Amino acid sequence: TCRQLNKFPIPPWRNWLLGHTGMGQSTEEGLQQVDALVAQYRHGCLWWGLPWLPVLRLFHPSTLRPLLSASAFVAPKDKIFYGFLKPWLGEGLLLSDGQRWVRHRRLLTPAFHGNVLRNYLGIFNQSTRVLLWGAAAVAAGGGPVKLEVLQPLSLLTLDTLQKCIFSHESHCQERPSKYIQAILELSSLVVQRQFQPLLHPWWLYSLSSDGRRFARACATVHAFTADVVQRRRQALACLGHQAWLDAHWGRSMDFIDLLLLTKDENGHTLSDEDIAAEADTFMFEGHDTTASGLAWLFYNLAGHPEHQERCPQEVQELLAGRDTADIEWEDLSQLPFTTMCIKESLRLHPPVTAVSRRCTKDIPLHDGRVIPKGMAWPGWPQCHHPPSSAIPKVAIPIPPGVVCLMSIYGTHHNPDLWPEPEVFSPLRFSPENSKGQSLVSFIPFSAGPRNCIGQSFAMAEMKVVVALTLSRFMLRRDNARPPPRRKPELILRAEDGLWLLLEPL
């Protein structure tokens, strides 16, 4: 294991005791450090979180592809961080592995088929218009609207998800919702706990004020989800399977309906707890990520009017002669330049900047190196030679496996893959320029068998929101404010928000 790890380049340590600890913070400087690492170590490097905690930071298809394709032998979690989410999300797709994950992935896949997603387009249009009506009402007072865009976009995506998952009208864009506030509070508390090592043990966290807030918010979310699932289960039991289907004839089913009706090859259904965990996971994974993608897309387009103006032209040509201004399912494939802009923004500002994995077996790379499954040495000085030879060999408890940090941000900013990676250039994704491009060089939704199951849902929602928004408003950056400082947390945010000016067309 030690020999395998030593084949990976190691950046200079902070010092012999701390290794690289404290050098990769969730700040603008931390992302700039990733840029520097990618520039020097194009494929990946070995990072020591502590002298006994090795992290392989990977940012090239040659090192990422074996991990992404070997999903059966890769556990999808860093047990510390993902453990914070488990009381909230349970054993949903994000946190499960092994045969449970295989079964749930297979059962959930039909819920994201195009024939299902097309029924959600009306919801995407409706929720987007609520946001735009609010902005238009403010603009009616005269002059452009100054808006921090991430917060209202988060409410928009939460609004659409509640309708698509639960058929519930929360009106959260117009008035407070206890359930929505609980979701937002849980997301914030998980991030805060990351940076408070003393509160990592659950028993200590549960005694803290944040821990009590977390427990109350979890109870609110779980009570809402359980109530919806139980009421639907009772209705299904009363009507019977066929009568339930007949009652839904001519109207779309939501996520809960689809999960209640799904069965595996043995005729077994998902339990109420399984359905609730998947619904909570979809709410968590689907709202902030899509909102972040949209917010940075608007920011990038606001700084490049030559690209921005092409998007509404594309929409106007598409909708010319129609009685409705809604974006329909068939329209999504007729927005090529808008799609290029979305992809380029997801490359430049990926909502999730990295995902971590642990290997349960050795994973060979194409160049003969091996990512080892476990750590089995008596003391770290045998594996790495620190500056002082006087340091004694000490037996240290070793975590079960190397942490593999698959850097989405680093891959998207790798100059070997993307020339001038800091430049916003949508034409990178034109059909001509995409030829021969590795599928693993662009991974905003991860890749391989464990990719994001909701990526088609997210892309469809983003296309609708950007098409309708740019048909109503011109976006400009607020030059009175300094450039945003990026802040990678659960999602990629900006420290003081992303502020834009919206000018009605």
# chains A, B, ... in the order shown; residues from 1 in each chain; ligands from 1

$ select_by_dssp --residues "segment 229-446 of chain A" --states "alpha helix (DSSP H)" --output "ChimeraX atom specification"
/A:229-239,241-247,255-261,272-302,305-308,310-319,336-348,408-412,431-434

$ write_last_selection --atoms "C-alpha atoms" --output "PDB file, in the first residue's frame"
ATOM      1  CA  VAL A 229     -46.302   8.953   1.939  1.00  0.00           C
ATOM      2  CA  GLN A 230     -48.707   7.444   4.472  1.00  0.00           C
ATOM      3  CA  ARG A 231     -51.745   9.245   3.029  1.00  0.00           C
ATOM      4  CA  ARG A 232     -50.842   8.123  -0.497  1.00  0.00           C
ATOM      5  CA  ARG A 233     -50.206   4.557   0.704  1.00  0.00           C
ATOM      6  CA  GLN A 234     -53.620   4.451   2.369  1.00  0.00           C
ATOM      7  CA  ALA A 235     -55.316   5.803  -0.758  1.00  0.00           C
ATOM      8  CA  LEU A 236     -53.530   3.202  -2.898  1.00  0.00           C
ATOM      9  CA  ALA A 237     -54.586   0.412  -0.506  1.00  0.00           C
ATOM     10  CA  CYS A 238     -58.218   1.578  -0.573  1.00  0.00           C
ATOM     11  CA  LEU A 239     -58.475   1.949  -4.347  1.00  0.00           C
ATOM     12  CA  HIS A 241     -53.509  -0.731  -8.072  1.00  0.00           C
ATOM     13  CA  GLN A 242     -55.673  -0.561 -11.209  1.00  0.00           C
ATOM     14  CA  ALA A 243     -58.232   1.860  -9.769  1.00  0.00           C
ATOM     15  CA  TRP A 244     -55.350   4.093  -8.659  1.00  0.00           C
ATOM     16  CA  LEU A 245     -53.976   4.110 -12.209  1.00  0.00           C
ATOM     17  CA  ASP A 246     -57.450   4.824 -13.633  1.00  0.00           C
ATOM     18  CA  ALA A 247     -57.882   7.734 -11.210  1.00  0.00           C
ATOM     19  CA  PHE A 255     -42.450  11.320  -7.604  1.00  0.00           C
ATOM     20  CA  ILE A 256     -44.234   9.774  -4.596  1.00  0.00           C
ATOM     21  CA  ASP A 257     -46.876   8.167  -6.846  1.00  0.00           C
ATOM     22  CA  LEU A 258     -44.216   6.621  -9.057  1.00  0.00           C
ATOM     23  CA  LEU A 259     -42.255   5.211  -6.127  1.00  0.00           C
ATOM     24  CA  LEU A 260     -45.381   3.743  -4.537  1.00  0.00           C
ATOM     25  CA  LEU A 261     -46.169   1.839  -7.727  1.00  0.00           C
ATOM     26  CA  ASP A 272     -42.529   3.869   3.352  1.00  0.00           C
ATOM     27  CA  GLU A 273     -39.125   4.566   4.936  1.00  0.00           C
ATOM     28  CA  ASP A 274     -37.374   3.932   1.599  1.00  0.00           C
ATOM     29  CA  ILE A 275     -39.735   6.258  -0.270  1.00  0.00           C
ATOM     30  CA  ALA A 276     -39.360   8.996   2.354  1.00  0.00           C
ATOM     31  CA  ALA A 277     -35.550   8.724   2.230  1.00  0.00           C
ATOM     32  CA  GLU A 278     -35.516   9.009  -1.571  1.00  0.00           C
ATOM     33  CA  ALA A 279     -37.931  11.956  -1.521  1.00  0.00           C
ATOM     34  CA  ASP A 280     -35.841  13.775   1.107  1.00  0.00           C
ATOM     35  CA  THR A 281     -32.665  13.021  -0.888  1.00  0.00           C
ATOM     36  CA  PHE A 282     -34.189  14.391  -4.092  1.00  0.00           C
ATOM     37  CA  MET A 283     -35.271  17.564  -2.285  1.00  0.00           C
ATOM     38  CA  PHE A 284     -31.756  18.006  -0.859  1.00  0.00           C
ATOM     39  CA  GLU A 285     -29.797  17.183  -4.018  1.00  0.00           C
ATOM     40  CA  GLY A 286     -32.120  18.950  -6.436  1.00  0.00           C
ATOM     41  CA  HIS A 287     -32.670  22.426  -5.064  1.00  0.00           C
ATOM     42  CA  ASP A 288     -29.347  24.071  -4.146  1.00  0.00           C
ATOM     43  CA  THR A 289     -27.353  22.470  -6.965  1.00  0.00           C
ATOM     44  CA  THR A 290     -29.731  23.668  -9.679  1.00  0.00           C
ATOM     45  CA  ALA A 291     -30.035  27.099  -8.046  1.00  0.00           C
ATOM     46  CA  SER A 292     -26.245  27.453  -7.925  1.00  0.00           C
ATOM     47  CA  GLY A 293     -25.955  26.408 -11.569  1.00  0.00           C
ATOM     48  CA  LEU A 294     -28.558  29.003 -12.580  1.00  0.00           C
ATOM     49  CA  ALA A 295     -27.078  31.795 -10.452  1.00  0.00           C
ATOM     50  CA  TRP A 296     -23.568  31.381 -11.894  1.00  0.00           C
ATOM     51  CA  LEU A 297     -25.041  31.028 -15.392  1.00  0.00           C
ATOM     52  CA  PHE A 298     -26.802  34.383 -14.993  1.00  0.00           C
ATOM     53  CA  TYR A 299     -23.582  35.903 -13.633  1.00  0.00           C
ATOM     54  CA  ASN A 300     -21.540  34.607 -16.575  1.00  0.00           C
ATOM     55  CA  LEU A 301     -24.087  35.754 -19.156  1.00  0.00           C
ATOM     56  CA  ALA A 302     -24.334  39.162 -17.463  1.00  0.00           C
ATOM     57  CA  PRO A 305     -23.623  40.398 -23.425  1.00  0.00           C
ATOM     58  CA  GLU A 306     -22.489  39.079 -26.819  1.00  0.00           C
ATOM     59  CA  HIS A 307     -23.447  35.569 -25.659  1.00  0.00           C
ATOM     60  CA  GLN A 308     -26.449  36.679 -23.618  1.00  0.00           C
ATOM     61  CA  ARG A 310     -28.131  35.156 -28.613  1.00  0.00           C
ATOM     62  CA  CYS A 311     -30.197  33.215 -26.051  1.00  0.00           C
ATOM     63  CA  PRO A 312     -33.451  35.278 -26.211  1.00  0.00           C
ATOM     64  CA  GLN A 313     -33.101  35.469 -29.997  1.00  0.00           C
ATOM     65  CA  GLU A 314     -33.084  31.671 -30.052  1.00  0.00           C
ATOM     66  CA  VAL A 315     -36.185  31.547 -27.852  1.00  0.00           C
ATOM     67  CA  GLN A 316     -38.055  34.186 -29.874  1.00  0.00           C
ATOM     68  CA  GLU A 317     -37.405  32.314 -33.112  1.00  0.00           C
ATOM     69  CA  LEU A 318     -38.629  29.119 -31.486  1.00  0.00           C
ATOM     70  CA  LEU A 319     -41.854  30.643 -30.111  1.00  0.00           C
ATOM     71  CA  PRO A 336     -28.556  24.656 -28.951  1.00  0.00           C
ATOM     72  CA  PHE A 337     -26.759  27.887 -28.025  1.00  0.00           C
ATOM     73  CA  THR A 338     -28.600  28.225 -24.711  1.00  0.00           C
ATOM     74  CA  THR A 339     -27.556  24.651 -23.942  1.00  0.00           C
ATOM     75  CA  MET A 340     -23.931  25.483 -24.787  1.00  0.00           C
ATOM     76  CA  CYS A 341     -24.069  28.437 -22.378  1.00  0.00           C
ATOM     77  CA  ILE A 342     -25.460  26.237 -19.598  1.00  0.00           C
ATOM     78  CA  LYS A 343     -22.755  23.612 -20.107  1.00  0.00           C
ATOM     79  CA  GLU A 344     -19.945  26.169 -20.240  1.00  0.00           C
ATOM     80  CA  SER A 345     -21.170  27.781 -17.026  1.00  0.00           C
ATOM     81  CA  LEU A 346     -21.357  24.353 -15.346  1.00  0.00           C
ATOM     82  CA  ARG A 347     -17.768  23.781 -16.491  1.00  0.00           C
ATOM     83  CA  LEU A 348     -16.506  27.113 -15.220  1.00  0.00           C
ATOM     84  CA  ILE A 408     -14.869  18.250 -10.605  1.00  0.00           C
ATOM     85  CA  TYR A 409     -13.603  21.827 -10.406  1.00  0.00           C
ATOM     86  CA  GLY A 410      -9.996  20.737 -11.025  1.00  0.00           C
ATOM     87  CA  THR A 411     -10.977  18.608 -14.024  1.00  0.00           C
ATOM     88  CA  HIS A 412     -13.040  21.452 -15.498  1.00  0.00           C
ATOM     89  CA  PRO A 431     -20.794  19.927 -32.106  1.00  0.00           C
ATOM     90  CA  GLU A 432     -17.557  20.651 -33.976  1.00  0.00           C
ATOM     91  CA  ASN A 433     -15.502  21.417 -30.864  1.00  0.00           C
ATOM     92  CA  SER A 434     -16.985  18.540 -28.857  1.00  0.00           C
TER      93      SER A 434
END

$ select_by_dssp --residues "segment 223-456 of chain A" --states "strand (DSSP E)" --output "tab-separated table (two decimals) with N, CA and C atoms, in the first residue's frame"
chain	number	residue	atom	x	y	z
A	354	ALA	N	-16.43	18.91	-5.90
A	354	ALA	CA	-15.70	17.65	-5.75
A	354	ALA	C	-16.60	16.62	-5.09
A	355	VAL	N	-16.32	15.35	-5.35
A	355	VAL	CA	-16.99	14.25	-4.65
A	355	VAL	C	-15.91	13.30	-4.15
A	356	SER	N	-16.17	12.68	-3.02
A	356	SER	CA	-15.16	11.79	-2.43
A	356	SER	C	-15.63	10.34	-2.50
A	357	ARG	N	-14.67	9.44	-2.59
A	357	ARG	CA	-14.95	8.01	-2.65
A	357	ARG	C	-13.91	7.25	-1.83
A	358	ARG	N	-14.26	6.03	-1.42
A	358	ARG	CA	-13.32	5.11	-0.80
A	358	ARG	C	-13.37	3.79	-1.57
A	359	CYS	N	-12.22	3.28	-1.93
A	359	CYS	CA	-12.15	2.03	-2.71
A	359	CYS	C	-12.26	0.83	-1.78
A	363	ILE	N	-7.76	-0.43	-7.26
A	363	ILE	CA	-8.21	0.03	-8.58
A	363	ILE	C	-6.97	0.35	-9.42
A	364	PRO	N	-6.70	-0.45	-10.47
A	364	PRO	CA	-5.52	-0.17	-11.31
A	364	PRO	C	-5.78	0.99	-12.27
A	370	VAL	N	-1.61	2.00	-8.91
A	370	VAL	CA	-2.80	1.38	-8.30
A	370	VAL	C	-3.31	2.29	-7.18
A	371	ILE	N	-4.62	2.52	-7.18
A	371	ILE	CA	-5.24	3.19	-6.04
A	371	ILE	C	-5.58	2.10	-5.04
A	403	VAL	N	-8.90	8.14	0.88
A	403	VAL	CA	-9.98	9.00	0.38
A	403	VAL	C	-9.58	9.46	-1.02
A	404	CYS	N	-10.45	9.20	-1.99
A	404	CYS	CA	-10.22	9.67	-3.37
A	404	CYS	C	-11.12	10.88	-3.60
A	405	LEU	N	-10.49	12.04	-3.71
A	405	LEU	CA	-11.25	13.27	-3.93
A	405	LEU	C	-11.26	13.54	-5.43
A	406	MET	N	-12.37	13.22	-6.05
A	406	MET	CA	-12.51	13.44	-7.50
A	406	MET	C	-12.90	14.91	-7.70
A	407	SER	N	-11.94	15.69	-8.14
A	407	SER	CA	-12.12	17.14	-8.23
A	407	SER	C	-12.83	17.50	-9.53

$ closest_atom_pairs --of "segment 160-241 of chain A" --to "segment 110-133 of chain A" --cutoff "10 Å" --atoms "only C-alpha atoms" --output "JSON lines"
{"residue": "A:Thr160", "atom": "CA", "partner": "A:Ile123", "partner_atom": "CA", "distance": 6.2}
{"residue": "A:Leu161", "atom": "CA", "partner": "A:Ile123", "partner_atom": "CA", "distance": 9.1}
{"residue": "A:Lys163", "atom": "CA", "partner": "A:Ile123", "partner_atom": "CA", "distance": 7.2}
{"residue": "A:Cys164", "atom": "CA", "partner": "A:Tyr120", "partner_atom": "CA", "distance": 6.6}
{"residue": "A:His171", "atom": "CA", "partner": "A:Ser127", "partner_atom": "CA", "distance": 9.2}
{"residue": "A:Gln173", "atom": "CA", "partner": "A:Leu131", "partner_atom": "CA", "distance": 7.1}
{"residue": "A:Glu174", "atom": "CA", "partner": "A:Val130", "partner_atom": "CA", "distance": 8.2}

$ write_last_selection --atoms "all heavy atoms" --output "short mmCIF file (atom, residue, chain, number, x, y, z; two decimals), in the first residue's frame"
data_model
loop_
_atom_site.label_atom_id
_atom_site.label_comp_id
_atom_site.auth_asym_id
_atom_site.auth_seq_id
_atom_site.Cartn_x
_atom_site.Cartn_y
_atom_site.Cartn_z
N THR A 160 -40.52 24.16 -7.31
CA THR A 160 -40.75 23.15 -8.35
C THR A 160 -40.63 21.75 -7.79
O THR A 160 -41.41 20.85 -8.14
CB THR A 160 -39.77 23.33 -9.53
OG1 THR A 160 -38.43 23.15 -9.07
CG2 THR A 160 -39.90 24.68 -10.16
N LEU A 161 -39.66 21.52 -6.91
CA LEU A 161 -39.48 20.18 -6.36
C LEU A 161 -40.66 19.75 -5.50
O LEU A 161 -41.09 18.59 -5.57
CB LEU A 161 -38.18 20.12 -5.54
CG LEU A 161 -36.89 20.04 -6.36
CD1 LEU A 161 -35.68 20.27 -5.47
CD2 LEU A 161 -36.78 18.69 -7.06
N LYS A 163 -43.70 20.58 -5.88
CA LYS A 163 -44.79 20.24 -6.79
C LYS A 163 -44.53 18.92 -7.51
O LYS A 163 -45.43 18.09 -7.67
CB LYS A 163 -44.99 21.36 -7.82
CG LYS A 163 -45.48 22.67 -7.22
CD LYS A 163 -45.43 23.80 -8.23
CE LYS A 163 -45.85 25.12 -7.62
NZ LYS A 163 -45.66 26.26 -8.55
N CYS A 164 -43.27 18.70 -7.94
CA CYS A 164 -42.95 17.50 -8.71
C CYS A 164 -42.86 16.26 -7.82
O CYS A 164 -43.20 15.16 -8.26
CB CYS A 164 -41.63 17.67 -9.45
SG CYS A 164 -41.65 18.96 -10.71
N HIS A 171 -46.21 27.67 -2.28
CA HIS A 171 -46.18 29.11 -2.48
C HIS A 171 -44.99 29.74 -1.76
O HIS A 171 -45.07 30.88 -1.28
CB HIS A 171 -47.49 29.77 -1.99
CG HIS A 171 -48.71 29.25 -2.67
ND1 HIS A 171 -49.03 29.56 -3.98
CD2 HIS A 171 -49.69 28.40 -2.24
CE1 HIS A 171 -50.15 28.94 -4.33
NE2 HIS A 171 -50.57 28.23 -3.29
N GLN A 173 -42.29 30.93 -2.77
CA GLN A 173 -41.70 32.12 -3.37
C GLN A 173 -42.44 33.39 -2.96
O GLN A 173 -41.92 34.49 -3.12
CB GLN A 173 -41.70 32.01 -4.90
CG GLN A 173 -40.86 30.88 -5.44
CD GLN A 173 -40.73 30.97 -6.95
OE1 GLN A 173 -39.98 31.78 -7.48
NE2 GLN A 173 -41.47 30.13 -7.65
N GLU A 174 -43.65 33.20 -2.43
CA GLU A 174 -44.49 34.35 -2.10
C GLU A 174 -44.66 34.55 -0.59
O GLU A 174 -44.89 35.66 -0.13
CB GLU A 174 -45.86 34.19 -2.75
CG GLU A 174 -45.78 34.03 -4.26
CD GLU A 174 -46.90 33.17 -4.81
OE1 GLU A 174 -46.78 31.93 -4.78
OE2 GLU A 174 -47.90 33.75 -5.27
#

$ atom_distance --atom1 "atom CA of Pro488 of chain A" --atom2 "atom CA of Leu17 of chain A"
26.2 Å

$ atom_distance --atom1 "atom CA of His168 of chain A" --atom2 "atom CA of Asp227 of chain A"
12.2 Å

$ atom_distance --atom1 "atom CA of Ile10 of chain A" --atom2 "atom CA of Leu46 of chain A"
5.0 Å

$ closest_residue --among "A:Arg42, A:His366, A:Arg103, A:Arg486" --to "Thr353 of chain A" --atoms "only C-alpha atoms"
A:Arg486

$ residues_around --residues "segment 197-207 of chain A" --least-positions-apart "5" --cutoff "12 Å" --atoms "only C-alpha atoms" --output "ChimeraX atom specification"
/A:79-87,189-192,212-216

$ write_last_selection --atoms "all heavy atoms" --output "compact mmCIF listing (two decimals), in the first residue's frame"
# COMPACT_ATOMS: atom_id res chain seq x y z
N LYS A 79 -16.96 9.21 5.24
CA LYS A 79 -17.86 8.88 6.33
C LYS A 79 -18.11 10.05 7.28
O LYS A 79 -19.14 10.12 7.93
CB LYS A 79 -17.33 7.67 7.10
CG LYS A 79 -17.36 6.38 6.29
CD LYS A 79 -16.88 5.20 7.09
CE LYS A 79 -16.88 3.93 6.26
NZ LYS A 79 -18.21 3.53 5.82
N ILE A 80 -17.15 10.99 7.38
CA ILE A 80 -17.36 12.11 8.30
C ILE A 80 -18.43 13.04 7.75
O ILE A 80 -19.47 13.26 8.38
CB ILE A 80 -16.03 12.87 8.51
CG1 ILE A 80 -15.02 11.96 9.23
CG2 ILE A 80 -16.28 14.13 9.33
CD1 ILE A 80 -13.66 12.59 9.39
N PHE A 81 -18.21 13.58 6.54
CA PHE A 81 -19.15 14.57 6.01
C PHE A 81 -20.50 13.94 5.72
O PHE A 81 -21.54 14.45 6.14
CB PHE A 81 -18.59 15.21 4.75
CG PHE A 81 -19.61 16.00 4.00
CD1 PHE A 81 -20.15 17.14 4.55
CD2 PHE A 81 -20.07 15.57 2.76
CE1 PHE A 81 -21.12 17.87 3.88
CE2 PHE A 81 -21.03 16.30 2.09
CZ PHE A 81 -21.55 17.45 2.65
N TYR A 82 -20.52 12.81 4.99
CA TYR A 82 -21.79 12.22 4.63
C TYR A 82 -22.54 11.71 5.85
O TYR A 82 -23.76 11.60 5.85
CB TYR A 82 -21.60 11.11 3.60
CG TYR A 82 -21.30 11.66 2.21
CD1 TYR A 82 -20.00 11.66 1.71
CD2 TYR A 82 -22.31 12.18 1.43
CE1 TYR A 82 -19.73 12.17 0.45
CE2 TYR A 82 -22.04 12.69 0.17
CZ TYR A 82 -20.75 12.68 -0.32
OH TYR A 82 -20.47 13.19 -1.55
N GLY A 83 -21.78 11.41 6.91
CA GLY A 83 -22.44 11.01 8.15
C GLY A 83 -23.29 12.12 8.74
O GLY A 83 -24.29 11.86 9.42
N PHE A 84 -22.90 13.39 8.48
CA PHE A 84 -23.70 14.52 8.97
C PHE A 84 -25.09 14.52 8.34
O PHE A 84 -26.05 15.04 8.91
CB PHE A 84 -23.01 15.84 8.64
CG PHE A 84 -21.66 16.03 9.28
CD1 PHE A 84 -20.80 17.01 8.81
CD2 PHE A 84 -21.24 15.23 10.33
CE1 PHE A 84 -19.55 17.20 9.38
CE2 PHE A 84 -19.99 15.40 10.91
CZ PHE A 84 -19.15 16.40 10.43
N LEU A 85 -25.19 14.00 7.11
CA LEU A 85 -26.45 14.04 6.37
C LEU A 85 -27.39 12.88 6.71
O LEU A 85 -28.58 12.96 6.44
CB LEU A 85 -26.17 14.01 4.86
CG LEU A 85 -25.42 15.21 4.27
CD1 LEU A 85 -25.01 14.93 2.84
CD2 LEU A 85 -26.27 16.47 4.33
N LYS A 86 -26.84 11.81 7.27
CA LYS A 86 -27.63 10.58 7.42
C LYS A 86 -28.87 10.75 8.30
O LYS A 86 -29.93 10.22 7.97
CB LYS A 86 -26.75 9.46 7.95
CG LYS A 86 -27.33 8.08 7.68
CD LYS A 86 -26.26 7.01 7.74
CE LYS A 86 -26.83 5.70 7.22
NZ LYS A 86 -25.82 4.63 7.15
N PRO A 87 -28.80 11.49 9.44
CA PRO A 87 -30.04 11.67 10.22
C PRO A 87 -31.14 12.36 9.43
O PRO A 87 -32.32 12.19 9.73
CB PRO A 87 -29.58 12.53 11.39
CG PRO A 87 -28.11 12.30 11.51
CD PRO A 87 -27.64 12.11 10.09
N LEU A 189 -26.84 24.26 8.47
CA LEU A 189 -26.25 23.65 9.66
C LEU A 189 -25.21 22.59 9.29
O LEU A 189 -24.19 22.45 9.98
CB LEU A 189 -27.34 23.03 10.53
CG LEU A 189 -28.23 24.03 11.28
CD1 LEU A 189 -29.43 23.33 11.90
CD2 LEU A 189 -27.43 24.78 12.35
N VAL A 190 -25.45 21.83 8.23
CA VAL A 190 -24.48 20.82 7.80
C VAL A 190 -23.16 21.49 7.42
O VAL A 190 -22.08 21.00 7.77
CB VAL A 190 -25.04 20.00 6.63
CG1 VAL A 190 -23.94 19.16 5.98
CG2 VAL A 190 -26.16 19.07 7.10
N VAL A 191 -23.26 22.61 6.70
CA VAL A 191 -22.04 23.34 6.30
C VAL A 191 -21.31 23.86 7.54
O VAL A 191 -20.08 23.71 7.66
CB VAL A 191 -22.40 24.50 5.35
CG1 VAL A 191 -21.18 25.38 5.11
CG2 VAL A 191 -22.92 23.96 4.03
N GLN A 192 -22.04 24.46 8.47
CA GLN A 192 -21.40 25.01 9.67
C GLN A 192 -20.69 23.92 10.47
O GLN A 192 -19.58 24.12 10.98
CB GLN A 192 -22.45 25.69 10.55
CG GLN A 192 -23.04 26.95 9.96
CD GLN A 192 -24.17 27.51 10.79
OE1 GLN A 192 -24.17 27.37 12.02
NE2 GLN A 192 -25.14 28.13 10.15
N ARG A 212 -29.51 20.85 18.45
CA ARG A 212 -30.95 20.85 18.77
C ARG A 212 -31.76 21.45 17.62
O ARG A 212 -32.86 20.97 17.30
CB ARG A 212 -31.19 21.60 20.08
CG ARG A 212 -30.62 20.88 21.30
CD ARG A 212 -31.10 21.50 22.59
NE ARG A 212 -30.60 22.85 22.79
CZ ARG A 212 -29.44 23.13 23.39
NH1 ARG A 212 -28.66 22.15 23.83
NH2 ARG A 212 -29.05 24.39 23.55
N ARG A 213 -31.21 22.51 16.99
CA ARG A 213 -31.89 23.09 15.82
C ARG A 213 -31.95 22.07 14.68
O ARG A 213 -32.96 21.94 14.00
CB ARG A 213 -31.16 24.34 15.35
CG ARG A 213 -31.34 25.56 16.24
CD ARG A 213 -30.40 26.68 15.82
NE ARG A 213 -30.57 27.04 14.42
CZ ARG A 213 -29.64 27.62 13.68
NH1 ARG A 213 -28.43 27.87 14.19
NH2 ARG A 213 -29.89 27.93 12.42
N PHE A 214 -30.85 21.35 14.49
CA PHE A 214 -30.80 20.32 13.45
C PHE A 214 -31.86 19.25 13.70
O PHE A 214 -32.58 18.84 12.77
CB PHE A 214 -29.41 19.69 13.41
CG PHE A 214 -29.19 18.71 12.30
CD1 PHE A 214 -28.76 19.13 11.05
CD2 PHE A 214 -29.42 17.35 12.49
CE1 PHE A 214 -28.56 18.22 10.02
CE2 PHE A 214 -29.22 16.43 11.48
CZ PHE A 214 -28.79 16.87 10.23
N ALA A 215 -31.98 18.81 14.95
CA ALA A 215 -32.96 17.77 15.28
C ALA A 215 -34.38 18.27 15.04
O ALA A 215 -35.23 17.53 14.52
CB ALA A 215 -32.78 17.34 16.74
N ARG A 216 -34.66 19.53 15.41
CA ARG A 216 -36.01 20.07 15.20
C ARG A 216 -36.33 20.18 13.71
O ARG A 216 -37.44 19.86 13.27
CB ARG A 216 -36.14 21.44 15.87
CG ARG A 216 -36.23 21.38 17.39
CD ARG A 216 -36.70 22.72 17.95
NE ARG A 216 -35.77 23.81 17.67
CZ ARG A 216 -34.75 24.15 18.46
NH1 ARG A 216 -34.54 23.49 19.59
NH2 ARG A 216 -33.97 25.16 18.16

$ closest_residue --among "A:Cys172, A:Asp367, A:Pro484, A:Phe224" --to "His43 of chain A" --atoms "only C-alpha atoms"
A:Asp367

$ residues_around --residues "Gln151 of chain A" --least-positions-apart "4" --cutoff "9 Å" --atoms "only C-alpha atoms" --output "compact mmCIF listing (two decimals) with N, CA and C atoms, in the first residue's frame"
# COMPACT_ATOMS: atom_id res chain seq x y z
N LEU A 155 -35.43 29.33 -3.81
CA LEU A 155 -36.86 29.21 -3.53
C LEU A 155 -37.61 28.70 -4.76
N LEU A 156 -37.20 29.15 -5.94
CA LEU A 156 -37.83 28.67 -7.18
C LEU A 156 -37.65 27.16 -7.32
N ALA A 291 -30.04 25.65 -8.29
CA ALA A 291 -30.04 27.10 -8.05
C ALA A 291 -28.64 27.68 -8.22
N GLY A 497 -22.88 36.85 -1.79
CA GLY A 497 -23.98 36.69 -2.72
C GLY A 497 -23.61 37.07 -4.14

$ residues_around --residues "Trp48 of chain A" --least-positions-apart "2" --cutoff "9 Å" --atoms "only C-alpha atoms" --output "VMD selection string"
chain A and resid 10 13 18 to 21 46 50 to 56

$ residues_around --residues "Ser170 of chain A" --least-positions-apart "5" --cutoff "10 Å" --atoms "only C-alpha atoms" --output "number ranges by chain"
A: 158-160, 162-163, 175-180

$ residues_around --residues "Ala39 of chain A" --least-positions-apart "4" --cutoff "12 Å" --atoms "only C-alpha atoms" --output "list in words"
Gln32, Gln33, Val34, Asp35, His43, Gly44, Cys45, Phe59, His60, Gly410, Thr411, His413, Asn414, Pro415, Asp416, Leu417, Trp418, Pro419, Glu420 and Pro421 of chain A
